[in-house]
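Enquirer: This is input18.cif, which holds mmCIF, C-alpha atoms and all ligand atoms:
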```cif
data_structure
#
loop_
_atom_site.label_atom_id
_atom_site.label_comp_id
_atom_site.auth_asym_id
_atom_site.auth_seq_id
_atom_site.Cartn_x
_atom_site.Cartn_y
_atom_site.Cartn_z
CA MET A 553 8.57 -9.32 25.71
CA THR A 554 10.60 -8.31 22.63
CA VAL A 555 8.62 -6.96 19.67
CA ALA A 556 9.87 -6.20 16.17
CA ALA A 557 8.24 -4.44 13.23
CA PHE A 558 9.37 -3.82 9.66
CA ALA A 559 8.09 -1.19 7.22
CA PRO A 560 9.20 -0.90 3.59
CA GLY A 561 10.15 2.24 1.70
CA ARG A 562 8.44 2.97 -1.58
CA VAL A 563 9.18 4.12 -5.08
CA ASN A 564 6.50 5.94 -7.02
CA LEU A 565 6.36 4.63 -10.60
CA ILE A 566 4.02 7.38 -11.78
CA GLY A 567 1.58 9.99 -10.44
CA ASP A 568 3.45 12.67 -8.52
CA HIS A 569 1.77 15.60 -6.80
CA THR A 570 -1.59 13.98 -7.41
CA ASP A 571 -2.25 12.51 -3.95
CA HIS A 572 -2.92 15.87 -2.27
CA THR A 573 -5.50 16.66 -4.97
CA GLY A 574 -7.54 13.44 -4.70
CA GLY A 575 -5.91 12.10 -7.89
CA LEU A 576 -4.22 8.86 -8.98
CA ALA A 577 -0.75 7.38 -8.48
CA MET A 578 0.98 4.04 -8.84
CA PRO A 579 3.74 3.51 -6.29
CA MET A 580 5.05 0.19 -4.98
CA ALA A 581 6.54 -0.89 -1.67
CA ILE A 582 10.15 -2.04 -2.08
CA GLN A 583 12.36 -4.63 -0.42
CA LEU A 584 14.38 -1.96 1.41
CA GLY A 585 12.96 -0.75 4.69
CA THR A 586 13.23 -0.01 8.39
CA THR A 587 13.04 -2.34 11.38
CA VAL A 588 12.28 -1.38 14.97
CA THR A 589 13.02 -3.92 17.70
CA GLY A 590 12.59 -3.47 21.43
CA GLU A 591 10.66 -3.97 24.61
CA THR A 592 7.87 -2.21 26.44
CA THR A 593 9.04 -0.62 29.71
CA GLY A 594 7.29 0.54 32.84
CA GLY A 595 8.43 4.14 32.21
CA ASP A 596 6.88 6.92 30.18
CA THR A 597 9.53 7.55 27.50
CA ILE A 598 10.11 6.01 24.10
CA GLU A 599 13.87 5.52 23.66
CA LEU A 600 15.21 4.42 20.30
CA ARG A 601 18.81 4.06 19.21
CA SER A 602 19.70 3.97 15.54
CA GLY A 603 22.51 2.24 13.70
CA THR A 604 22.85 5.18 11.32
CA GLN A 605 22.19 8.19 13.57
CA GLU A 606 24.54 9.30 16.30
CA GLU A 607 22.05 10.55 18.86
CA PRO A 608 19.11 8.54 20.19
CA ALA A 609 15.47 9.61 19.96
CA ILE A 610 14.03 10.08 23.43
CA VAL A 611 10.38 11.08 23.47
CA SER A 612 7.85 11.36 26.30
CA ILE A 613 4.62 9.42 25.72
CA HIS A 614 2.88 12.69 26.65
CA VAL A 615 4.75 14.75 24.02
CA THR A 616 2.92 17.88 22.79
CA THR A 617 3.14 19.49 19.35
CA GLY A 618 4.87 22.47 20.97
CA GLU A 619 7.67 20.24 22.32
CA LEU A 620 7.93 18.42 19.03
CA ASP A 621 9.12 21.48 17.09
CA GLY A 622 12.33 21.91 19.05
CA LEU A 623 13.11 18.22 19.39
CA SER A 624 16.59 17.04 18.52
CA PRO A 625 18.01 15.03 16.79
CA SER A 626 15.69 15.73 13.86
CA TRP A 627 14.77 12.07 13.30
CA ALA A 628 13.29 12.05 16.82
CA ARG A 629 10.54 14.35 15.50
CA TYR A 630 9.17 11.54 13.33
CA VAL A 631 9.15 9.21 16.32
CA ALA A 632 7.46 11.96 18.35
CA GLY A 633 4.89 12.53 15.60
CA VAL A 634 3.87 8.88 15.83
CA VAL A 635 3.86 8.94 19.63
CA HIS A 636 1.69 12.07 19.56
CA GLU A 637 -0.86 10.42 17.26
CA LEU A 638 -0.77 6.94 18.80
CA ARG A 639 -0.51 7.85 22.50
CA PRO A 640 1.01 4.56 23.69
CA SER A 641 0.22 3.87 27.35
CA ALA A 642 3.71 2.58 28.26
CA GLY A 643 7.35 3.35 27.52
CA PHE A 644 9.49 1.46 25.03
CA CYS A 645 13.21 0.91 24.65
CA GLY A 646 14.68 -0.37 21.41
CA THR A 647 16.72 0.04 18.25
CA VAL A 648 16.10 1.17 14.69
CA SER A 649 17.94 -0.21 11.69
CA THR A 650 17.37 0.55 8.04
CA THR A 651 18.43 -0.56 4.58
CA LEU A 652 16.99 2.64 3.04
CA PRO A 653 19.07 5.66 2.07
CA ILE A 654 18.01 8.39 4.54
CA GLY A 655 16.24 11.33 2.96
CA GLY A 656 16.95 9.96 -0.51
CA GLY A 657 13.40 9.99 -1.86
CA LEU A 658 12.45 6.39 -1.04
CA SER A 659 10.24 7.41 1.90
CA SER A 660 12.63 6.60 4.72
CA SER A 661 10.54 8.82 7.02
CA ALA A 662 7.28 6.98 6.20
CA ALA A 663 9.03 3.64 6.81
CA LEU A 664 10.29 4.87 10.18
CA GLU A 665 6.81 6.10 11.15
CA LEU A 666 5.05 2.85 10.24
CA ALA A 667 7.68 0.64 11.89
CA VAL A 668 7.51 2.73 15.09
CA ALA A 669 3.70 2.70 15.13
CA LEU A 670 3.57 -1.09 14.74
CA ALA A 671 6.31 -1.68 17.32
CA LEU A 672 4.43 0.56 19.78
CA GLY A 673 1.34 -1.60 19.41
CA PHE A 674 -0.79 -0.01 16.66
CA GLY A 675 -3.56 -2.53 16.06
CA GLY A 676 -5.82 -1.10 13.32
CA GLY A 677 -6.08 -1.62 9.57
CA ALA A 678 -3.74 -0.50 6.77
CA LEU A 679 -5.61 2.70 5.85
CA GLU A 680 -5.86 3.77 9.48
CA LEU A 681 -2.13 3.10 9.93
CA ALA A 682 -1.31 5.18 6.86
CA GLU A 683 -3.58 8.03 8.04
CA LEU A 684 -2.02 8.05 11.51
CA CYS A 685 1.49 8.14 10.05
CA GLN A 686 0.57 10.84 7.52
CA ARG A 687 -0.55 13.03 10.43
CA ALA A 688 2.70 12.16 12.23
CA GLU A 689 4.73 13.18 9.15
CA GLN A 690 2.82 16.46 8.82
CA ILE A 691 3.38 17.53 12.41
CA ALA A 692 7.00 16.31 12.38
CA SER A 693 8.04 17.97 9.13
CA GLY A 694 5.61 20.86 8.93
CA VAL A 695 4.95 19.87 5.30
CA PRO A 696 1.30 19.32 4.28
CA CYS A 697 2.19 16.04 2.55
CA GLY A 698 -0.30 13.64 1.02
CA ILE A 699 -0.80 10.03 2.08
CA MET A 700 0.85 8.16 -0.81
CA ASP A 701 4.12 7.25 0.94
CA GLN A 702 2.49 5.91 4.09
CA LEU A 703 -0.25 4.11 2.15
CA ALA A 704 2.30 2.42 -0.13
CA SER A 705 4.27 1.19 2.88
CA ALA A 706 1.07 -0.04 4.56
CA THR A 707 -0.41 -1.86 1.54
CA GLY A 708 2.62 -3.26 -0.34
CA LYS A 709 2.13 -6.53 -2.21
CA PRO A 710 4.94 -8.79 -3.47
CA GLY A 711 5.21 -8.67 -7.26
CA HIS A 712 2.67 -5.85 -7.57
CA ALA A 713 2.49 -2.08 -7.88
CA LEU A 714 -0.40 -0.27 -6.20
CA LEU A 715 -2.85 1.76 -8.27
CA MET A 716 -4.21 4.31 -5.79
CA ASN A 717 -7.21 6.58 -6.05
CA PHE A 718 -6.91 9.32 -3.43
CA THR A 719 -10.58 10.32 -3.71
CA THR A 720 -11.99 6.88 -2.92
CA MET A 721 -8.82 5.62 -1.16
CA ALA A 722 -9.10 2.43 -3.21
CA VAL A 723 -5.83 0.53 -3.76
CA GLU A 724 -5.77 -1.92 -6.66
CA SER A 725 -2.77 -4.19 -7.12
CA VAL A 726 -1.28 -4.46 -10.60
CA ALA A 727 1.21 -7.27 -11.35
CA ILE A 728 4.59 -6.06 -12.59
CA PRO A 729 5.71 -8.19 -15.56
CA GLU A 730 8.68 -10.44 -14.75
CA ARG A 731 10.81 -8.99 -17.54
CA ALA A 732 10.45 -5.45 -16.23
CA ALA A 733 13.30 -4.17 -14.08
CA ILE A 734 12.76 -1.12 -11.90
CA VAL A 735 15.90 0.81 -11.06
CA VAL A 736 16.21 3.79 -8.72
CA ILE A 737 19.14 6.13 -9.26
CA ASP A 738 20.06 8.75 -6.69
CA SER A 739 20.76 12.05 -8.44
CA GLY A 740 23.14 12.93 -5.60
CA GLN A 741 21.30 16.24 -5.32
CA GLN A 742 20.00 16.87 -1.82
CA ARG A 743 16.38 17.91 -1.94
CA ALA A 744 16.37 21.65 -1.39
CA LEU A 745 13.39 24.01 -1.05
CA ALA A 746 11.16 20.95 -1.18
CA ASP A 747 9.35 21.85 2.04
CA SER A 748 8.25 25.39 1.25
CA ALA A 749 7.68 24.66 -2.45
CA TYR A 750 5.53 21.61 -1.61
CA GLY A 751 3.07 23.74 0.36
CA GLU A 752 3.06 26.35 -2.40
CA ARG A 753 2.31 23.76 -5.12
CA ARG A 754 -0.40 22.20 -3.00
CA ALA A 755 -2.00 25.62 -2.45
CA ALA A 756 -1.97 26.30 -6.22
CA CYS A 757 -3.80 23.01 -6.82
CA GLU A 758 -6.38 23.90 -4.18
CA GLN A 759 -6.83 27.29 -5.84
CA ALA A 760 -7.38 25.58 -9.19
CA SER A 761 -9.98 23.19 -7.79
CA MET A 762 -11.91 26.07 -6.29
CA ILE A 763 -12.34 27.31 -9.86
CA VAL A 764 -12.87 24.08 -11.84
CA GLY A 765 -13.89 21.54 -9.18
CA ALA A 766 -12.09 18.24 -8.53
CA LEU A 767 -9.04 18.08 -10.83
CA LEU A 768 -9.59 14.33 -11.24
CA HIS A 769 -12.78 15.08 -13.18
CA ALA A 770 -11.69 18.30 -14.91
CA SER A 771 -11.10 18.55 -18.67
CA VAL A 772 -8.56 20.62 -20.62
CA ASP A 773 -11.40 23.01 -21.54
CA ASP A 774 -12.11 23.61 -17.84
CA LEU A 775 -8.56 24.83 -17.40
CA TYR A 776 -9.23 27.87 -19.60
CA ARG A 777 -11.36 29.17 -16.73
CA ILE A 778 -8.22 29.55 -14.65
CA ASP A 779 -6.86 33.03 -15.41
CA ASP A 780 -3.54 32.83 -13.64
CA PRO A 781 -1.11 31.08 -16.03
CA VAL A 782 0.99 29.53 -13.25
CA THR A 783 -2.04 28.05 -11.46
CA ARG A 784 -3.29 26.80 -14.83
CA ARG A 785 0.00 25.02 -15.51
CA ARG A 786 -0.03 23.38 -12.07
CA ALA A 787 -3.57 22.12 -12.70
CA HIS A 788 -2.59 20.99 -16.20
CA HIS A 789 0.14 18.81 -14.72
CA VAL A 790 -2.25 17.18 -12.24
CA MET A 791 -4.96 16.63 -14.83
CA THR A 792 -2.64 15.08 -17.42
CA GLU A 793 -0.74 13.12 -14.76
CA ASN A 794 -3.98 11.40 -13.72
CA ILE A 795 -4.48 10.35 -17.36
CA ARG A 796 -0.89 9.09 -17.55
CA VAL A 797 -1.38 6.99 -14.43
CA ARG A 798 -4.38 5.26 -16.05
CA ASP A 799 -2.47 4.78 -19.33
CA PHE A 800 0.57 3.47 -17.47
CA ALA A 801 -1.51 0.95 -15.50
CA ALA A 802 -3.17 -0.24 -18.73
CA ALA A 803 0.22 -0.63 -20.43
CA ILE A 804 1.67 -2.58 -17.49
CA ARG A 805 -1.39 -4.86 -17.47
CA THR A 806 -0.88 -5.72 -21.14
CA GLY A 807 2.90 -5.99 -20.73
CA ASP A 808 3.57 -3.10 -23.12
CA LEU A 809 6.70 -1.83 -21.39
CA ALA A 810 7.59 0.62 -24.17
CA ALA A 811 4.22 2.36 -23.75
CA ALA A 812 4.56 2.30 -19.94
CA GLY A 813 8.04 3.82 -20.20
CA ALA A 814 6.77 6.56 -22.51
CA CYS A 815 4.16 7.52 -19.88
CA MET A 816 6.94 7.80 -17.28
CA THR A 817 9.10 10.04 -19.44
CA ALA A 818 6.10 12.22 -20.29
CA SER A 819 5.36 12.46 -16.56
CA HIS A 820 8.88 13.78 -15.98
CA ARG A 821 8.46 16.44 -18.67
CA SER A 822 5.19 17.56 -17.09
CA LEU A 823 6.76 17.73 -13.62
CA ARG A 824 9.56 19.75 -15.21
CA ASP A 825 7.55 22.16 -17.38
CA ASP A 826 4.09 22.46 -15.79
CA PHE A 827 4.66 21.69 -12.13
CA GLU A 828 8.26 22.99 -12.07
CA VAL A 829 9.60 20.65 -9.42
CA SER A 830 12.53 19.25 -11.42
CA THR A 831 16.12 20.47 -11.48
CA ASP A 832 18.85 20.56 -14.16
CA VAL A 833 20.54 17.61 -12.45
CA LEU A 834 17.36 15.48 -12.54
CA ASP A 835 16.63 16.50 -16.15
CA ALA A 836 20.15 15.58 -17.29
CA LEU A 837 19.93 12.23 -15.50
CA VAL A 838 16.55 11.39 -17.05
CA ASP A 839 17.84 12.39 -20.52
CA ARG A 840 20.91 10.21 -20.15
CA LEU A 841 18.88 7.22 -18.91
CA VAL A 842 16.22 7.35 -21.63
CA ALA A 843 19.00 7.48 -24.24
CA THR A 844 20.41 4.19 -22.89
CA ASP A 845 19.63 0.91 -24.67
CA GLY A 846 17.03 -1.16 -22.87
CA VAL A 847 15.60 1.75 -20.86
CA HIS A 848 11.87 2.17 -21.56
CA GLY A 849 11.40 5.39 -19.60
CA ALA A 850 12.54 7.39 -16.59
CA ARG A 851 11.28 10.16 -14.34
CA LEU A 852 11.92 11.93 -11.08
CA THR A 853 10.07 10.20 -8.27
CA GLY A 854 8.51 11.80 -5.20
CA ALA A 855 8.32 15.47 -4.39
CA GLY A 856 11.16 16.60 -6.71
CA PHE A 857 13.80 19.33 -6.24
CA GLY A 858 16.50 16.64 -6.11
CA GLY A 859 16.42 13.09 -4.79
CA CYS A 860 15.91 10.03 -6.97
CA VAL A 861 14.96 9.07 -10.51
CA VAL A 862 13.13 5.82 -11.31
CA ALA A 863 13.65 3.95 -14.57
CA LEU A 864 11.75 1.08 -16.18
CA THR A 865 14.22 -1.11 -18.03
CA GLU A 866 15.01 -4.48 -19.54
CA PRO A 867 16.77 -6.60 -16.90
CA GLY A 868 20.47 -5.66 -16.78
CA ALA A 869 20.15 -2.55 -18.97
CA LEU A 870 21.58 -0.36 -16.20
CA THR A 871 24.52 -1.17 -13.98
CA GLU A 872 23.98 1.78 -11.62
CA GLY A 873 21.46 2.46 -8.87
CA TRP A 874 19.31 0.09 -6.83
CA THR A 875 17.19 -2.53 -8.53
CA VAL A 876 14.02 -2.53 -6.47
CA VAL A 877 11.34 -5.22 -6.40
CA PRO A 878 7.70 -4.82 -5.43
CA SER A 879 7.39 -6.12 -1.88
CA GLY A 880 5.01 -6.79 1.01
CA PRO A 881 3.51 -4.35 3.52
CA ALA A 882 4.60 -3.03 6.90
CA ARG A 883 4.18 -5.78 9.48
CA ARG A 884 5.06 -6.98 12.93
CA LEU A 885 7.80 -9.62 12.87
CA GLN A 886 8.29 -12.69 14.99
CA ALA A 887 10.83 -11.33 17.52
C1 LIG B 1 6.07 13.47 -1.18
C2 LIG B 1 4.79 13.41 -0.32
C3 LIG B 1 3.73 12.56 -1.00
C4 LIG B 1 3.50 13.00 -2.45
C5 LIG B 1 4.83 13.14 -3.19
C6 LIG B 1 4.66 13.74 -4.56
O1 LIG B 1 6.66 12.20 -1.25
O2 LIG B 1 5.08 12.88 0.94
O3 LIG B 1 2.53 12.63 -0.26
O4 LIG B 1 2.74 14.16 -2.53
O5 LIG B 1 5.75 13.94 -2.48
O6 LIG B 1 3.89 12.90 -5.35
#
```
Show me, as structure tokens, the structure contained in the file I just sent.
Expert:
Amino acid sequence: MTVAAFAPGRVNLIGDHTDHTGGLAMPMAIQLGTTVTGETTGGDTIELRSGTQEEPAIVSIHVTTGELDGLSPSWARYVAGVVHELRPSAGFCGTVSTTLPIGGGLSSSAALELAVALALGFGGGALELAELCQRAEQIASGVPCGIMDQLASATGKPGHALLMNFTTMAVESVAIPERAAIVVIDSGQQRALADSAYGERRAACEQASMIVGALLHASVDDLYRIDDPVTRRRAHHVMTENIRVRDFAAAIRTGDLAAAGACMTASHRSLRDDFEVSTDVLDALVDRLVATDGVHGARLTGAGFGGCVVALTEPGALTEGWTVVPSGPARRLQA
């Protein structure tokens, strides 16, 4: 029997480097995504061919974390991560196709993980799916990433962004006003250093919360108790970013796009100055976009160090990039 599953990519409108600290973010699933189609086999390997990658991913259903490290091609590691966490009881042979730019900051790896998990028969709820795929991503990439990307792909809602609280794991949908256009522009800068720097930033946040408690509930005054100036700046970003997420959600709810855009641009400055995950290329792109008529705000989106910028604009204000629309969740398709 042929099965097919689709999982969307995501763009994060605001709230970066908050998920791994139990904070707030507001991503949305987008119309671009990844589809896995195939059939269960009597064997014990998962074999996937991709339209965009030369070599297939061939993974034993008994794959161990030790084997996963050396696996090639590199995209096979994400498949193996899912297989390791899901432990399907039978083999599978199929194809992968995607409309997402690979490694471009729109969570192509999360989309691949969710589509593979659903095609291989995952049968639980959205949070469980996101958790399984987050573990898969962590063992595949070696990066201690948060759950935002996988949760956005699992809980997408047409016409809505997703206000996430990573302490309670609550996801609230917030309607995006019709006259708001969301445009993603690829900076053209390959994300470099992102892996090692991600772990370092996450460790600094953990250090800060050992001193002041949960950053979601900390105040600016609490931050004075952090002696190390770098750790204090990292915590300052997270603390103020959580406030910006709330302000952004409130502005979107009342249709105040200028205020929402201002939150996004302030978020970029904080990621640049306090969290130090921006680059000159991303800064120049954001500056150019916010100086353009009809652009309410812009910021880097995702982990930083290259990748994409997201802008909130009047429809038609920008003629570059991808116009993305808030879309539905990862799902099995009628094959
Ligand atoms: C990457 C991670 C996410 C999140 C963002 C930054 O996309 O996978 O969990 O931490 O970076 O917000």
Enquirer: Could you report the residues within 6 Å of ligand LIG 1 (chain B), using all atoms listed in the file, as a list of chain:residue names?
Expert: A:Asp568, A:His569, A:Thr570, A:Asp571, A:His572, A:Cys697, A:Gly698, A:Ile699, A:Met700, A:Asp701, A:Gly854, A:Ala855
Enquirer: Residues near region 776-781 of chain A, anyone? I mean within 12 Å using only C-alpha atoms, not counting same-chain ones fewer than 2 positions away, as a list of chain:residue names.
Expert: A:Ala756, A:Cys757, A:Gln759, A:Ala760, A:Ser761, A:Met762, A:Ile763, A:Val764, A:Gly765, A:Ala770, A:Ser771, A:Val772, A:Asp773, A:Asp774, A:Thr783, A:Arg784, A:Arg785, A:Arg786, A:Ala787, A:His788, A:Asp826, A:Phe827
Enquirer: Which residues are near Ala682 (chain A)? Cut-off 12 Å, only C-alpha atoms, ignore same chain within fewer than 6 positions. Put them as a list in words.
Expert: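 Counting only C-alpha atoms, the residues come to Ala559, Val634, Glu637, Ala662, Ala663, Glu665, Leu666, Ala667, Ala669, Leu670, Phe674, Gly676, Ala688, Glu689, Gly698, Ile699, Met700, Asp701, Gln702, Leu703, Ala704, Ser705, Ala706, Thr707, Gly708, Met721, Pro881 and Ala882 of chain A.
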Enquirer: With all atoms listed in the file as the basis for distance, which of A:Pro696, A:Gly858, A:Gly561, A:Gly740 is at the shortest distance from Arg753 (chain A)?
Expert: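 That would be A:Pro696, the residue with the smallest distance to Arg753 (chain A).
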Enquirer: For CA of Leu576 (chain A) and CA of Thr853 (chain A), quote the distance in Å rounded to one decimal.
Expert: 14.4 Å
Enquirer: Could you list, as a PyMOL selection string, every residue within 7 Å of Thr650 (chain A), counting all atoms listed in the file and ignoring same-chain residues fewer than 5 positions away?
Expert: chain A and resi 585-587
Enquirer: My list of candidates is A:Leu679, A:Ala692, A:Leu600, A:Val723. Which is closest to Gly618 (chain A) when distances are computed with all atoms listed in the file?
Expert: A:Ala692
Enquirer: Tell me which of A:Val563, A:Leu775, A:Leu834, A:Leu623 sits closest to Leu864 (chain A), counting all atoms listed in the file.
Expert: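 Selected residue with least distance to Leu864 (chain A): A:Val563.
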Enquirer: Around the point (16.6, -3.5, -18.3), in the coordinates given by the file, pick out the residues reaching within 12 Å, counting only C-alpha atoms, and return them as a list of chain:residue names.
Expert: A:Glu730, A:Arg731, A:Ala732, A:Ala733, A:Ile734, A:Val735, A:Leu809, A:Ala810, A:Gly813, A:Leu841, A:Val842, A:Thr844, A:Asp845, A:Gly846, A:Val847, A:His848, A:Gly849, A:Ala850, A:Ala863, A:Leu864, A:Thr865, A:Glu866, A:Pro867, A:Gly868, A:Ala869, A:Leu870, A:Thr871, A:Glu872, A:Thr875
Enquirer: State, in Å with one decimal place, the distance from CA of Glu607 (chain A) to CA of Ala749 (chain A).
Expert: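 It comes out at 29.3 Å.
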Enquirer: If I take CA of Ser748 (chain A) and CA of Ser822 (chain A), how far is one from the other in Å, to one decimal?
Expert: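 CA of Ser822 (chain A) lies 20.2 Å from CA of Ser748 (chain A).
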Enquirer: Counting all atoms listed in the file, figure out which residue out of A:Pro640, A:Ala577, A:Thr831, A:Val648 gets nearest to Gly603 (chain A).
Expert: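 So, comparing all the options, the nearest one is A:Val648.
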Enquirer: When distances are computed from all atoms listed in the file, which of A:Ala755, A:Leu652, A:Met791, A:Cys815 shows the smallest separation from Leu565 (chain A)?
Expert: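 The shortest atom-to-atom distance to Leu565 (chain A) comes from A:Cys815.
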Enquirer: Taking 3 positions as the minimum chain separation for residues in the same chain, which residues sit within 12 Å of Gly646 (chain A) when counting all atoms listed in the file? Answer as a PDB file with C-alpha atoms, in the coordinates of the input.
Expert:
```pdb
ATOM      1  CA  MET A 553       8.570  -9.320  25.710  1.00  0.00           C
ATOM      2  CA  THR A 554      10.600  -8.310  22.630  1.00  0.00           C
ATOM      3  CA  VAL A 555       8.620  -6.960  19.670  1.00  0.00           C
ATOM      4  CA  ALA A 556       9.870  -6.200  16.170  1.00  0.00           C
ATOM      5  CA  ALA A 557       8.240  -4.440  13.230  1.00  0.00           C
ATOM      6  CA  THR A 587      13.040  -2.340  11.380  1.00  0.00           C
ATOM      7  CA  VAL A 588      12.280  -1.380  14.970  1.00  0.00           C
ATOM      8  CA  THR A 589      13.020  -3.920  17.700  1.00  0.00           C
ATOM      9  CA  GLY A 590      12.590  -3.470  21.430  1.00  0.00           C
ATOM     10  CA  GLU A 591      10.660  -3.970  24.610  1.00  0.00           C
ATOM     11  CA  THR A 592       7.870  -2.210  26.440  1.00  0.00           C
ATOM     12  CA  THR A 593       9.040  -0.620  29.710  1.00  0.00           C
ATOM     13  CA  THR A 597       9.530   7.550  27.500  1.00  0.00           C
ATOM     14  CA  ILE A 598      10.110   6.010  24.100  1.00  0.00           C
ATOM     15  CA  GLU A 599      13.870   5.520  23.660  1.00  0.00           C
ATOM     16  CA  LEU A 600      15.210   4.420  20.300  1.00  0.00           C
ATOM     17  CA  ARG A 601      18.810   4.060  19.210  1.00  0.00           C
ATOM     18  CA  SER A 602      19.700   3.970  15.540  1.00  0.00           C
ATOM     19  CA  GLY A 603      22.510   2.240  13.700  1.00  0.00           C
ATOM     20  CA  PRO A 608      19.110   8.540  20.190  1.00  0.00           C
ATOM     21  CA  ALA A 609      15.470   9.610  19.960  1.00  0.00           C
ATOM     22  CA  ILE A 610      14.030  10.080  23.430  1.00  0.00           C
ATOM     23  CA  GLY A 643       7.350   3.350  27.520  1.00  0.00           C
ATOM     24  CA  SER A 649      17.940  -0.210  11.690  1.00  0.00           C
ATOM     25  CA  ALA A 667       7.680   0.640  11.890  1.00  0.00           C
ATOM     26  CA  VAL A 668       7.510   2.730  15.090  1.00  0.00           C
ATOM     27  CA  ALA A 671       6.310  -1.680  17.320  1.00  0.00           C
ATOM     28  CA  LEU A 672       4.430   0.560  19.780  1.00  0.00           C
TER      29      LEU A 672
END
```
Enquirer: With 4 Å of padding per side, what axis-aligned box (centre and edge lengths, Å, one decimal) covers all the listed atoms of region 591-605 of chain A? Give it as lines of an AutoDock Vina configuration file.
Expert:
```
center_x = 14.9
center_y = 2.1
center_z = 22.1
size_x = 24.0
size_y = 20.2
size_z = 29.5
```
